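Here the structure is laid out as structure tokens; the discussion comes afterwards.
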Amino acid sequence: MARITASVYTSHVPAIGAAIDLGKSAEPYWQPLFRGYEFSKQWLAENRPDLVFLVYNDHATSFSLDLIPTFAIGCAERFEPADEGWGPRPVPPVIGHPELAAHITQSVIQDDFDLTIANKLDVDHGLTVPLSLMCGQPEAWPFKVIPFAVNVVQYPVPSGRRCFALGQAIRRAVESFDEDLNVQIWGTGGMTHQLQGPRAGLINREWDQAWLDKLIAEPAAAAAVPHIDYVREAGSEGIELVMWLIARGAMADVAGGPAPRVRHRFYHVPASNTAVGHLILENP
Ligand code: DHB
Ligand code: FE
């Protein structure tokens with residue numbers, strides 16, 4: 001049986017990818033940020049999954065206003081890094097798991113969540129920056145990845161409550177797959193940031209820290225936070241945090257199991273315009 005052993009949460013700022021790719025991660029601006037992921041790289045090397053179910057958002061890269069799936073699951077054998085305007089990032093292609101992706105699609109759709117099936121999908125910084133933060137610069141990513149894209153760009157976006165329930169359906173789907181697989185689920189994006197308008201540059205440390213506390217200890221309460229609170233308190237792009245609720249919903253305690261163990265918590269301001277948050281939770 002496949003099992004979800006841990007969840008990882010991290011921001012996905014594109015400038016972090018550029019800092020890594022251009023060899024700037026030791027510069028004074030970036031050093032404190034990358035220091036916060038040193039533990040995580042070590043932890044991941046010691047807790048190597050077979051596969052990561054990676055929840056992220058496409059930033060009008062592979063999708064556009066022409067086509068806006070609320071939830072899209074990557075079912076391909078392989079996913080190329082996307083060209084976001086400066087050429088594709090110099091990172092390895094992402095190797096998928098079509099059998100497990102098809103199984104999750106079947107299970108989750110029959111569990112009443114409407115997924116879009118993506119058989120061809122280039123992956124942008126929302127997916128590749130978390131991989132770089134957690135894995136560094138390997139020749140090949142050390143596990144398979146199922147990309148799972150959520151619309152948090154064009155309103156209406158899914159509620160935190162729906163994302164949390166979807167995470168529970170994903171856990172049921174993973175646990176009903178026959179092959180023995182160690183699966184991690186990652187939620188990316190956030191935390192507070194606003195890239196546009198008069199409030200561009202907004203950061204709200206108190207709100208971010210309180211939201212992290214809630215996500216860990218009272219995830220159903222975090223899932224009940226309405227959209228307008230994210231926009232007011234976390235900025236227009238802070239809504240990316242609903243993706244963390246998909247990963248949190250897939251943890252064992254939500255289905256009556258034991259509480260997760262907090263292995264790592266990190267928070268750093270700023271990276272570009274963003275407050276970077278990062279958590280590692282393990283199922284005991
Ligand atoms: C920034 C952050 C994001 O999450 C993103 O998708 C794009 C830009 C930023 O802070 O620059
Ligand atoms: Fe983003």
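Residue numbers start at 1 in each chain; chains themselves are named A, B, ... in the order of the structure tokens; ligands are numbered from 1 in the order shown.
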
Chain A near ligand 1 within 7 Å: what's each residue's closest atom pair and its distance in Å to one decimal, counting only C-alpha atoms and all ligand atoms, ordered by chain then ascending residue number, as a Markdown table?
| residue | atom | partner | partner_atom_place_in_ligand_line | distance |
| --- | --- | --- | --- | --- |
| A:Ser11 | CA | ligand 1 | 4 (O) | 6.6 |
| A:His12 | CA | ligand 1 | 4 (O) | 5.4 |
| A:Val13 | CA | ligand 1 | 2 (C) | 4.1 |
| A:Pro14 | CA | ligand 1 | 7 (C) | 5.6 |
| A:Ala15 | CA | ligand 1 | 11 (O) | 6.3 |
| A:His59 | CA | ligand 1 | 6 (O) | 6.5 |
| A:Gly126 | CA | ligand 1 | 6 (O) | 6.4 |
| A:Gly189 | CA | ligand 1 | 4 (O) | 5.5 |
| A:Gly190 | CA | ligand 1 | 4 (O) | 6.1 |
| A:His193 | CA | ligand 1 | 10 (O) | 6.5 |
| A:Leu195 | CA | ligand 1 | 9 (C) | 6.7 |
| A:Glu237 | CA | ligand 1 | 4 (O) | 6.9 |
| A:Ala271 | CA | ligand 1 | 10 (O) | 6.3 |
| A:Ser272 | CA | ligand 1 | 10 (O) | 4.4 |
| A:Asn273 | CA | ligand 1 | 10 (O) | 3.6 |
| A:Thr274 | CA | ligand 1 | 10 (O) | 4.2 |

So that I can check the surroundings of Phe34 (chain A), please list as an mmCIF file with N, CA and C atoms, in the first residue's frame every protein, DNA and RNA residue that reaches within 12 Å of it, counting only C-alpha atoms and ignoring chain neighbours fewer than 6 positions away.
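To be explicit, this is the file written out as part_0.cif:
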data_model
loop_
_atom_site.group_PDB
_atom_site.id
_atom_site.type_symbol
_atom_site.label_atom_id
_atom_site.label_comp_id
_atom_site.auth_asym_id
_atom_site.auth_seq_id
_atom_site.Cartn_x
_atom_site.Cartn_y
_atom_site.Cartn_z
ATOM 1 N N ILE A 16 14.165 33.210 -5.865
ATOM 2 C CA ILE A 16 14.950 32.177 -5.160
ATOM 3 C C ILE A 16 15.560 31.236 -6.190
ATOM 4 N N GLY A 17 14.764 30.863 -7.195
ATOM 5 C CA GLY A 17 15.280 30.010 -8.272
ATOM 6 C C GLY A 17 16.395 30.702 -9.030
ATOM 7 N N ALA A 19 18.379 33.019 -7.870
ATOM 8 C CA ALA A 19 19.556 33.104 -6.991
ATOM 9 C C ALA A 19 20.347 31.789 -7.041
ATOM 10 N N ILE A 20 19.639 30.666 -7.031
ATOM 11 C CA ILE A 20 20.308 29.351 -7.100
ATOM 12 C C ILE A 20 20.967 29.178 -8.466
ATOM 13 N N LYS A 24 24.093 32.772 -6.651
ATOM 14 C CA LYS A 24 24.097 33.901 -5.709
ATOM 15 C C LYS A 24 23.627 33.527 -4.309
ATOM 16 N N SER A 25 23.482 32.232 -4.036
ATOM 17 C CA SER A 25 22.844 31.870 -2.771
ATOM 18 C C SER A 25 23.711 32.182 -1.547
ATOM 19 N N ALA A 26 25.018 32.403 -1.742
ATOM 20 C CA ALA A 26 25.871 32.760 -0.588
ATOM 21 C C ALA A 26 25.906 34.271 -0.337
ATOM 22 N N GLU A 27 25.275 35.056 -1.199
ATOM 23 C CA GLU A 27 25.288 36.512 -1.000
ATOM 24 C C GLU A 27 24.526 36.897 0.267
ATOM 25 N N PRO A 28 24.917 38.018 0.907
ATOM 26 C CA PRO A 28 24.317 38.385 2.203
ATOM 27 C C PRO A 28 22.783 38.467 2.168
ATOM 28 N N SER A 40 16.378 21.085 6.113
ATOM 29 C CA SER A 40 15.382 20.424 5.254
ATOM 30 C C SER A 40 16.045 19.515 4.229
ATOM 31 N N LYS A 41 17.163 19.978 3.657
ATOM 32 C CA LYS A 41 17.877 19.158 2.664
ATOM 33 C C LYS A 41 18.407 17.885 3.323
ATOM 34 N N PRO A 130 10.369 25.050 -5.147
ATOM 35 C CA PRO A 130 10.373 24.160 -3.974
ATOM 36 C C PRO A 130 11.299 22.950 -4.136
ATOM 37 N N SER A 132 14.081 22.864 -5.886
ATOM 38 C CA SER A 132 15.452 23.364 -5.721
ATOM 39 C C SER A 132 15.766 23.649 -4.254
ATOM 40 N N LEU A 133 14.812 24.244 -3.540
ATOM 41 C CA LEU A 133 15.046 24.558 -2.125
ATOM 42 C C LEU A 133 15.283 23.296 -1.308
ATOM 43 N N MET A 134 14.557 22.242 -1.627
ATOM 44 C CA MET A 134 14.616 21.017 -0.824
ATOM 45 C C MET A 134 15.707 20.058 -1.286
ATOM 46 N N CYS A 135 16.096 20.130 -2.569
ATOM 47 C CA CYS A 135 17.027 19.130 -3.134
ATOM 48 C C CYS A 135 18.352 19.733 -3.580
ATOM 49 N N GLY A 136 18.470 21.058 -3.656
ATOM 50 C CA GLY A 136 19.688 21.650 -4.197
ATOM 51 C C GLY A 136 19.717 21.527 -5.712
ATOM 52 N N PHE A 266 10.308 27.398 9.819
ATOM 53 C CA PHE A 266 11.205 28.488 9.447
ATOM 54 C C PHE A 266 10.377 29.616 8.842
ATOM 55 N N TYR A 267 10.814 30.857 9.142
ATOM 56 C CA TYR A 267 10.106 32.022 8.614
ATOM 57 C C TYR A 267 11.139 33.102 8.354
ATOM 58 N N HIS A 268 11.078 33.715 7.173
ATOM 59 C CA HIS A 268 12.069 34.719 6.820
ATOM 60 C C HIS A 268 11.462 35.796 5.932
ATOM 61 N N ALA A 271 12.012 37.695 0.897
ATOM 62 C CA ALA A 271 12.616 37.162 -0.321
ATOM 63 C C ALA A 271 11.826 37.812 -1.442
ATOM 64 N N VAL A 276 8.642 34.404 3.459
ATOM 65 C CA VAL A 276 8.852 32.976 3.208
ATOM 66 C C VAL A 276 8.535 32.175 4.463
ATOM 67 N N HIS A 278 7.998 28.041 5.951
ATOM 68 C CA HIS A 278 8.415 26.670 5.625
ATOM 69 C C HIS A 278 8.157 25.772 6.833
#

- Message: Which residues are near region 72-80 of chain A? Cut-off 9 Å, only C-alpha atoms, ignore same chain within fewer than 5 positions. Put them as a ChimeraX atom specification.
- Response: /A:88,92-102,104-105,114-124,145-151

Filtering to C-alpha atoms, could you give me those residues as a short mmCIF file (atom, residue, chain, number, x, y, z; two decimals), in the first residue's frame?
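Output (again25.cif):
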data_model
loop_
_atom_site.label_atom_id
_atom_site.label_comp_id
_atom_site.auth_asym_id
_atom_site.auth_seq_id
_atom_site.Cartn_x
_atom_site.Cartn_y
_atom_site.Cartn_z
CA PRO A 88 13.53 27.42 -18.95
CA PRO A 92 16.20 18.54 -14.52
CA PRO A 93 12.90 17.47 -16.04
CA VAL A 94 10.31 16.20 -13.59
CA ILE A 95 9.57 12.48 -13.88
CA GLY A 96 5.93 11.62 -13.20
CA HIS A 97 4.08 8.48 -12.14
CA PRO A 98 1.24 7.98 -14.66
CA GLU A 99 -0.13 4.86 -12.91
CA LEU A 100 -0.49 6.48 -9.48
CA ALA A 101 -1.71 9.74 -11.04
CA ALA A 102 -4.41 7.83 -12.95
CA ILE A 104 -5.63 9.20 -7.75
CA THR A 105 -7.63 10.82 -10.56
CA ASP A 114 -13.69 17.48 -10.34
CA LEU A 115 -10.10 17.30 -11.57
CA THR A 116 -8.75 18.34 -14.95
CA ILE A 117 -6.41 15.74 -16.43
CA ALA A 118 -3.17 17.26 -17.75
CA ASN A 119 -1.31 14.87 -20.08
CA LYS A 120 1.09 17.59 -21.16
CA LEU A 121 2.19 20.27 -18.72
CA ASP A 122 5.30 22.44 -18.43
CA VAL A 123 5.97 23.28 -14.78
CA ASP A 124 6.84 26.80 -13.65
CA VAL A 145 6.66 13.91 -8.79
CA ILE A 146 2.96 14.19 -9.51
CA PRO A 147 2.29 17.87 -10.22
CA PHE A 148 -1.06 19.11 -8.93
CA ALA A 149 -1.98 22.62 -10.08
CA VAL A 150 -4.54 24.78 -8.26
CA ASN A 151 -6.05 27.97 -9.64
#

- Task: Check the smallest atom-to-atom distance from each of A:Asn57, A:Ser64, A:Gln31, A:Gln168 to ligand 2 using only C-alpha atoms and all ligand atoms, then report the winner.
- Result: A:Asn57

- Enumerate, as number ranges by chain, the complete set of residues in region 99-234 of chain A that a backbone-based DSSP assignment places in helix (DSSP H, G or I). A: 99-110, 125-135, 160-175, 205-217, 219-223, 227-234

- In terms of only C-alpha atoms and all ligand atoms, the residue from A:Val108, A:Ala173, A:Ala18, A:Val129 at minimal distance from ligand 2 is A:Val129

- Task: Could you pull out the residues in region 4-236 of chain A that DSSP calls strand (DSSP E or B) from the backbone, as an MDAnalysis selection string?
- Result: chainID A and resid 4:10 51:56 64 67 71:74 78:79 81 83 88 94:95 116:118 123 144:150 182:188

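If you count only C-alpha atoms and ignore residues fewer than 2 places along the chain from Tyr155 (chain A), what sits within 12 Å of it is Leu65, Ile68, Pro69, Thr70, Val150, Asn151, Val152, Val153, Val157, Pro158, Ser159, His227, Ile228, Val231, Ser236, Glu237 and Ile239 of chain A.
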
- Task: Find the spatial neighbours of Arg172 (chain A), counting only C-alpha atoms, within a cut-off of 10 Å - ignore same-chain residues fewer than 6 positions away - and output them as a list of chain:residue names.
- Result: A:Arg3, A:Ile4, A:Ile104, A:Ser107, A:Val108, A:Asp111, A:Leu166, A:Ala250, A:Ala255

- Message: Can you pull out the residues contacting region 261-263 of chain A? Cut-off 7 Å, using only C-alpha atoms, and skip same-chain residues under 5 positions away; I want them as a ChimeraX atom specification.
- Response: /A:280-284

How would the residues just picked look written out with N, CA and C atoms as a PDB file, in the first residue's frame?
ATOM      1  N   ILE A 280       7.949  21.378   8.026  1.00  0.00           N
ATOM      2  CA  ILE A 280       7.992  19.950   7.730  1.00  0.00           C
ATOM      3  C   ILE A 280       7.211  19.235   8.827  1.00  0.00           C
ATOM      4  N   LEU A 281       6.166  18.516   8.451  1.00  0.00           N
ATOM      5  CA  LEU A 281       5.369  17.736   9.397  1.00  0.00           C
ATOM      6  C   LEU A 281       5.472  16.264   9.024  1.00  0.00           C
ATOM      7  N   GLU A 282       5.738  15.427  10.045  1.00  0.00           N
ATOM      8  CA  GLU A 282       5.822  13.974   9.804  1.00  0.00           C
ATOM      9  C   GLU A 282       4.630  13.284  10.440  1.00  0.00           C
ATOM     10  N   ASN A 283       4.111  12.271   9.756  1.00  0.00           N
ATOM     11  CA  ASN A 283       3.146  11.380  10.398  1.00  0.00           C
ATOM     12  C   ASN A 283       3.939  10.425  11.299  1.00  0.00           C
ATOM     13  N   PRO A 284       3.575  10.318  12.595  1.00  0.00           N
ATOM     14  CA  PRO A 284       4.355   9.436  13.485  1.00  0.00           C
ATOM     15  C   PRO A 284       4.235   7.970  13.056  1.00  0.00           C
TER      16      PRO A 284
END

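Residue nearest ligand 2 within the list A:Ala275, A:Ala6, A:Val183, A:Cys163: A:Ala275 [criterion: smallest interatomic distance, only C-alpha atoms and all ligand atoms].
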
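Separating CA of Phe63 (chain A) from CA of Leu127 (chain A) is a distance of 14.2 Å.
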
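With only C-alpha atoms and all ligand atoms as the atoms that count, the residue of A:Trp141, A:Tyr56, A:Trp30, A:Tyr37 with the shortest distance to ligand 2 is A:Tyr56.
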
- Note on the structure: Computed gap from CA of His264 (chain A) to CA of Gly201 (chain A) is 26.4 Å

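A straight line drawn from CA of Phe164 (chain A) to CA of Ile246 (chain A) is 4.9 Å long.
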